[in-house]
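Coordinates from target_38.cif are shown below (mmCIF, N, CA and C atoms).
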data_start
#
loop_
_atom_site.label_atom_id
_atom_site.label_comp_id
_atom_site.auth_asym_id
_atom_site.auth_seq_id
_atom_site.Cartn_x
_atom_site.Cartn_y
_atom_site.Cartn_z
N MET A 85 101.19 81.43 87.59
CA MET A 85 100.65 81.75 86.28
C MET A 85 101.40 82.97 85.76
N LYS A 86 101.84 82.88 84.55
CA LYS A 86 102.56 84.00 83.94
C LYS A 86 101.57 85.08 83.50
N ARG A 87 102.07 86.31 83.34
CA ARG A 87 101.22 87.46 83.04
C ARG A 87 100.35 87.22 81.80
N ASN A 88 100.94 86.77 80.71
CA ASN A 88 100.17 86.58 79.47
C ASN A 88 99.11 85.49 79.63
N GLU A 89 99.44 84.44 80.39
CA GLU A 89 98.45 83.40 80.66
C GLU A 89 97.29 83.98 81.47
N PHE A 90 97.61 84.85 82.43
CA PHE A 90 96.56 85.48 83.24
C PHE A 90 95.66 86.36 82.38
N VAL A 91 96.25 87.14 81.48
CA VAL A 91 95.46 88.01 80.60
C VAL A 91 94.52 87.16 79.74
N ASP A 92 95.02 86.07 79.16
CA ASP A 92 94.18 85.18 78.35
C ASP A 92 93.05 84.58 79.19
N TRP A 93 93.40 84.13 80.42
CA TRP A 93 92.40 83.53 81.32
C TRP A 93 91.33 84.56 81.69
N LEU A 94 91.76 85.77 82.05
CA LEU A 94 90.80 86.81 82.44
C LEU A 94 89.90 87.19 81.28
N GLU A 95 90.46 87.29 80.08
CA GLU A 95 89.66 87.61 78.90
C GLU A 95 88.59 86.54 78.68
N ALA A 96 88.98 85.27 78.75
CA ALA A 96 88.03 84.18 78.56
C ALA A 96 86.93 84.22 79.62
N LEU A 97 87.29 84.50 80.86
CA LEU A 97 86.32 84.56 81.95
C LEU A 97 85.33 85.71 81.73
N LEU A 98 85.84 86.89 81.34
CA LEU A 98 84.97 88.04 81.11
C LEU A 98 84.02 87.79 79.93
N VAL A 99 84.52 87.18 78.87
CA VAL A 99 83.68 86.85 77.71
C VAL A 99 82.60 85.85 78.13
N GLU A 100 83.00 84.85 78.92
CA GLU A 100 82.05 83.85 79.41
C GLU A 100 80.93 84.49 80.23
N LYS A 101 81.26 85.56 80.95
CA LYS A 101 80.27 86.26 81.78
C LYS A 101 79.47 87.30 80.99
N GLY A 102 79.73 87.41 79.67
CA GLY A 102 78.92 88.27 78.82
C GLY A 102 79.48 89.66 78.54
N SER A 103 80.73 89.91 78.91
CA SER A 103 81.34 91.22 78.65
C SER A 103 81.93 91.26 77.25
N GLU A 104 81.91 92.45 76.66
CA GLU A 104 82.60 92.67 75.39
C GLU A 104 84.03 93.02 75.73
N VAL A 105 84.97 92.19 75.31
CA VAL A 105 86.37 92.38 75.67
C VAL A 105 87.21 92.47 74.41
N GLY A 106 88.12 93.43 74.40
CA GLY A 106 89.06 93.58 73.30
C GLY A 106 90.45 93.77 73.87
N ARG A 107 91.39 93.98 72.99
CA ARG A 107 92.78 94.22 73.40
C ARG A 107 93.20 95.62 72.97
N TRP A 108 94.08 96.22 73.73
CA TRP A 108 94.67 97.50 73.34
C TRP A 108 96.17 97.42 73.53
N LYS A 109 96.90 98.11 72.65
CA LYS A 109 98.37 98.08 72.67
C LYS A 109 98.89 99.06 73.71
N VAL A 110 99.61 98.53 74.69
CA VAL A 110 100.28 99.37 75.69
C VAL A 110 101.57 99.89 75.08
N ASP A 111 102.31 99.00 74.44
CA ASP A 111 103.48 99.36 73.65
C ASP A 111 103.63 98.29 72.57
N PRO A 112 104.60 98.37 71.69
CA PRO A 112 104.66 97.43 70.57
C PRO A 112 104.64 95.95 70.95
N ASP A 113 105.16 95.60 72.13
CA ASP A 113 105.23 94.19 72.52
C ASP A 113 104.29 93.81 73.64
N LEU A 114 103.34 94.68 73.99
CA LEU A 114 102.49 94.41 75.14
C LEU A 114 101.06 94.85 74.89
N GLU A 115 100.12 93.93 75.15
CA GLU A 115 98.69 94.23 75.04
C GLU A 115 98.01 94.02 76.38
N ASP A 116 96.97 94.77 76.63
CA ASP A 116 96.13 94.60 77.80
C ASP A 116 94.67 94.54 77.36
N LEU A 117 93.78 94.35 78.32
CA LEU A 117 92.36 94.18 78.01
C LEU A 117 91.60 95.49 78.06
N GLN A 118 90.56 95.56 77.26
CA GLN A 118 89.65 96.70 77.22
C GLN A 118 88.23 96.14 77.26
N ILE A 119 87.44 96.63 78.21
CA ILE A 119 86.06 96.16 78.36
C ILE A 119 85.13 97.21 77.82
N GLN A 120 84.16 96.75 77.01
CA GLN A 120 83.15 97.63 76.44
C GLN A 120 81.80 97.02 76.74
N GLY A 121 80.76 97.74 76.50
CA GLY A 121 79.45 97.12 76.63
C GLY A 121 78.41 97.99 77.27
N ALA A 122 77.26 97.37 77.51
CA ALA A 122 76.10 98.06 78.06
C ALA A 122 76.44 98.68 79.41
N GLY A 123 75.96 99.87 79.59
CA GLY A 123 76.15 100.56 80.86
C GLY A 123 77.45 101.34 80.95
N LEU A 124 78.34 101.17 79.99
CA LEU A 124 79.60 101.91 80.01
C LEU A 124 79.54 103.02 78.97
N LYS A 125 79.81 104.24 79.40
CA LYS A 125 79.79 105.37 78.46
C LYS A 125 80.99 105.33 77.52
N ARG A 126 82.08 104.74 78.00
CA ARG A 126 83.27 104.58 77.16
C ARG A 126 84.01 103.32 77.61
N PRO A 127 84.90 102.80 76.80
CA PRO A 127 85.61 101.58 77.17
C PRO A 127 86.45 101.76 78.43
N VAL A 128 86.58 100.68 79.19
CA VAL A 128 87.43 100.67 80.38
C VAL A 128 88.66 99.86 80.03
N ARG A 129 89.82 100.48 80.16
CA ARG A 129 91.08 99.81 79.84
C ARG A 129 91.72 99.30 81.12
N LEU A 130 92.05 98.02 81.12
CA LEU A 130 92.74 97.42 82.26
C LEU A 130 94.24 97.46 81.99
N ARG A 131 95.00 97.72 83.01
CA ARG A 131 96.46 97.69 82.91
C ARG A 131 96.94 96.62 83.86
N ILE A 132 97.30 95.47 83.33
CA ILE A 132 97.68 94.31 84.13
C ILE A 132 99.20 94.25 84.21
N VAL A 133 99.70 94.21 85.42
CA VAL A 133 101.15 94.18 85.64
C VAL A 133 101.53 92.91 86.38
N ARG A 134 102.79 92.62 86.42
CA ARG A 134 103.25 91.44 87.15
C ARG A 134 104.24 91.89 88.22
N GLY A 135 104.46 91.03 89.15
CA GLY A 135 105.43 91.31 90.19
C GLY A 135 106.39 90.15 90.36
N SER A 136 107.53 90.42 90.88
CA SER A 136 108.52 89.38 91.14
C SER A 136 108.74 89.27 92.64
N PRO A 137 109.21 88.12 93.10
CA PRO A 137 109.55 88.01 94.51
C PRO A 137 110.66 89.01 94.86
N ASN A 138 110.82 89.30 96.14
CA ASN A 138 111.84 90.26 96.58
C ASN A 138 113.24 89.85 96.15
N THR A 139 113.43 88.57 95.90
CA THR A 139 114.75 88.09 95.51
C THR A 139 115.01 88.23 94.02
N GLY A 140 114.05 88.69 93.25
CA GLY A 140 114.24 88.85 91.81
C GLY A 140 113.33 87.94 91.01
N GLU A 141 113.76 87.58 89.83
CA GLU A 141 112.95 86.76 88.93
C GLU A 141 112.76 85.34 89.46
N VAL A 142 111.64 84.75 89.12
CA VAL A 142 111.38 83.36 89.47
C VAL A 142 112.28 82.49 88.59
N PRO A 143 112.94 81.49 89.18
CA PRO A 143 113.81 80.62 88.37
C PRO A 143 113.03 79.96 87.23
N ALA A 144 113.69 79.80 86.08
CA ALA A 144 113.03 79.26 84.89
C ALA A 144 112.48 77.86 85.12
N GLY A 145 113.11 77.05 85.96
CA GLY A 145 112.65 75.69 86.17
C GLY A 145 111.49 75.57 87.15
N ARG A 146 111.12 76.64 87.78
CA ARG A 146 110.03 76.60 88.77
C ARG A 146 108.69 76.64 88.05
N PRO A 147 107.80 75.68 88.32
CA PRO A 147 106.51 75.67 87.63
C PRO A 147 105.62 76.83 88.09
N PRO A 148 104.79 77.37 87.20
CA PRO A 148 103.89 78.45 87.60
C PRO A 148 102.81 77.92 88.56
N VAL A 149 102.32 78.79 89.40
CA VAL A 149 101.24 78.44 90.32
C VAL A 149 99.93 78.62 89.57
N VAL A 150 99.08 77.60 89.57
CA VAL A 150 97.80 77.67 88.88
C VAL A 150 96.69 77.17 89.79
N ARG A 151 95.50 77.62 89.50
CA ARG A 151 94.32 77.18 90.23
C ARG A 151 93.87 75.85 89.63
N PRO A 152 93.46 74.88 90.45
CA PRO A 152 93.02 73.60 89.91
C PRO A 152 91.85 73.77 88.93
N ALA A 153 91.86 72.97 87.88
CA ALA A 153 90.79 73.03 86.87
C ALA A 153 89.44 72.78 87.53
N GLY A 154 88.46 73.54 87.12
CA GLY A 154 87.10 73.39 87.65
C GLY A 154 86.83 74.18 88.91
N THR A 155 87.84 74.83 89.46
CA THR A 155 87.65 75.66 90.66
C THR A 155 87.19 77.03 90.21
N SER A 156 86.07 77.48 90.74
CA SER A 156 85.54 78.78 90.32
C SER A 156 85.95 79.86 91.30
N ILE A 157 85.82 81.08 90.84
CA ILE A 157 86.08 82.23 91.70
C ILE A 157 84.75 82.60 92.35
N GLN A 158 84.74 82.70 93.65
CA GLN A 158 83.52 83.04 94.36
C GLN A 158 83.35 84.54 94.42
N GLN A 159 82.13 84.99 94.17
CA GLN A 159 81.81 86.41 94.33
C GLN A 159 81.35 86.63 95.74
N VAL A 160 81.85 87.68 96.35
CA VAL A 160 81.49 87.96 97.74
C VAL A 160 80.52 89.11 97.80
#

What does the file become when written as structure tokens?
Amino acid sequence: MKRNEFVDWLEALLVEKGSEVGRWKVDPDLEDLQIQGAGLKRPVRLRIVRGSPNTGEVPAGRPPVVRPAGTSIQQV
């Protein structure tokens, strides 16, 4: 899953769970998530980063790894 796809997925999941979620500009070409809502004295800003394999960038033809549709995240 690419970084922007992950940010969109996480935002949708947080909204589904009842959180107030917005976006904040990290720089002109990059946004991250900001959580607001009950119990928070001020907004919490998330800084989501990506990583590459030790060999460098993932080849363009390689499909992203995704979780199967309908699979939920278990809370421990």

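If you look at atom N of Gly135 of chain A and atom C of Val110 of chain A, they are 16.9 Å away from each other.
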
| Atomic distance atom CA of Met85 of chain A - atom C of Arg146 of chain A, expressed in Å with one decimal | 9.7 Å

Please report, as CSV, each residue of segment 103-131 of chain A lying at most 7 Å from segment 87-97 of chain A, together with the nearest pair of atoms and the separation in Å rounded to one decimal; use all atoms listed in the file, and order rows by chain and ascending residue number.
residue,atom,partner,partner_atom,distance
A:Ser103,N,A:Leu97,C,6.8
A:Val105,CA,A:Glu95,CA,6.6
A:Leu117,N,A:Val91,CA,6.9

| task | Tell me, as a list of chain:residue names, which residues lie within 8 Å of Trp108 of chain A, counting only C-alpha atoms; anything in the same chain fewer than 2 positions away does not count. | result | A:Gly106, A:Val110, A:Glu115, A:Asp116, A:Leu117, A:Gln118, A:Arg129

| field | In segment 87-118 of chain A, DSSP strand (DSSP E) residues written as a list in words | value | Glu104, Val105, Gly106, Arg107, Trp108, Lys109, Val110, Asp111, Leu114, Glu115, Asp116, Leu117 and Gln118 of chain A

| List as a list in words: which residues have an atom within 7 Å of (101.2, 79.9, 89.2), counting only C-alpha atoms? |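 In the file's frame, the residues around the point are Met85, Lys86, Pro147, Pro148, Val149 and Val150 of chain A.
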
| said: Just the number, please: distance in Å from atom CA of Ala144 of chain A to atom CA of Pro112 of chain A, one decimal. | reply: 24.6 Å

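With all atoms listed in the file as the atoms that count, the residue of A:Lys109, A:Val99, A:Glu104, A:Ala153 with the shortest distance to Ala122 of chain A is A:Glu104.
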
Enumerate the residues of chain A with a DSSP assignment of helix (DSSP H, G or I), computed from the backbone, and present them as a PDB file with N, CA and C atoms, in the frame of the given file.
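Dumped everything to selection23.pdb:
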ATOM      1  N   ARG A  87     102.070  86.310  83.340  1.00  0.00           N
ATOM      2  CA  ARG A  87     101.220  87.460  83.040  1.00  0.00           C
ATOM      3  C   ARG A  87     100.350  87.220  81.800  1.00  0.00           C
ATOM      4  N   ASN A  88     100.940  86.770  80.710  1.00  0.00           N
ATOM      5  CA  ASN A  88     100.170  86.580  79.470  1.00  0.00           C
ATOM      6  C   ASN A  88      99.110  85.490  79.630  1.00  0.00           C
ATOM      7  N   GLU A  89      99.440  84.440  80.390  1.00  0.00           N
ATOM      8  CA  GLU A  89      98.450  83.400  80.660  1.00  0.00           C
ATOM      9  C   GLU A  89      97.290  83.980  81.470  1.00  0.00           C
ATOM     10  N   PHE A  90      97.610  84.850  82.430  1.00  0.00           N
ATOM     11  CA  PHE A  90      96.560  85.480  83.240  1.00  0.00           C
ATOM     12  C   PHE A  90      95.660  86.360  82.380  1.00  0.00           C
ATOM     13  N   VAL A  91      96.250  87.140  81.480  1.00  0.00           N
ATOM     14  CA  VAL A  91      95.460  88.010  80.600  1.00  0.00           C
ATOM     15  C   VAL A  91      94.520  87.160  79.740  1.00  0.00           C
ATOM     16  N   ASP A  92      95.020  86.070  79.160  1.00  0.00           N
ATOM     17  CA  ASP A  92      94.180  85.180  78.350  1.00  0.00           C
ATOM     18  C   ASP A  92      93.050  84.580  79.190  1.00  0.00           C
ATOM     19  N   TRP A  93      93.400  84.130  80.420  1.00  0.00           N
ATOM     20  CA  TRP A  93      92.400  83.530  81.320  1.00  0.00           C
ATOM     21  C   TRP A  93      91.330  84.560  81.690  1.00  0.00           C
ATOM     22  N   LEU A  94      91.760  85.770  82.050  1.00  0.00           N
ATOM     23  CA  LEU A  94      90.800  86.810  82.440  1.00  0.00           C
ATOM     24  C   LEU A  94      89.900  87.190  81.280  1.00  0.00           C
ATOM     25  N   GLU A  95      90.460  87.290  80.080  1.00  0.00           N
ATOM     26  CA  GLU A  95      89.660  87.610  78.900  1.00  0.00           C
ATOM     27  C   GLU A  95      88.590  86.540  78.680  1.00  0.00           C
ATOM     28  N   ALA A  96      88.980  85.270  78.750  1.00  0.00           N
ATOM     29  CA  ALA A  96      88.030  84.180  78.560  1.00  0.00           C
ATOM     30  C   ALA A  96      86.930  84.220  79.620  1.00  0.00           C
ATOM     31  N   LEU A  97      87.290  84.500  80.860  1.00  0.00           N
ATOM     32  CA  LEU A  97      86.320  84.560  81.950  1.00  0.00           C
ATOM     33  C   LEU A  97      85.330  85.710  81.730  1.00  0.00           C
ATOM     34  N   LEU A  98      85.840  86.890  81.340  1.00  0.00           N
ATOM     35  CA  LEU A  98      84.970  88.040  81.110  1.00  0.00           C
ATOM     36  C   LEU A  98      84.020  87.790  79.930  1.00  0.00           C
ATOM     37  N   VAL A  99      84.520  87.180  78.870  1.00  0.00           N
ATOM     38  CA  VAL A  99      83.680  86.850  77.710  1.00  0.00           C
ATOM     39  C   VAL A  99      82.600  85.850  78.130  1.00  0.00           C
ATOM     40  N   GLU A 100      83.000  84.850  78.920  1.00  0.00           N
ATOM     41  CA  GLU A 100      82.050  83.850  79.410  1.00  0.00           C
ATOM     42  C   GLU A 100      80.930  84.490  80.230  1.00  0.00           C
TER      43      GLU A 100
END

Report as AutoDock Vina command-line options the centre and the edge lengths, in Å to one decimal, of the axis-aligned box holding every listed atom of segment 144-151 of chain A, padded by 5 Å on each side.
--center_x 103.8 --center_y 77.7 --center_z 87.6 --size_x 29.8 --size_y 14.2 --size_z 15.4
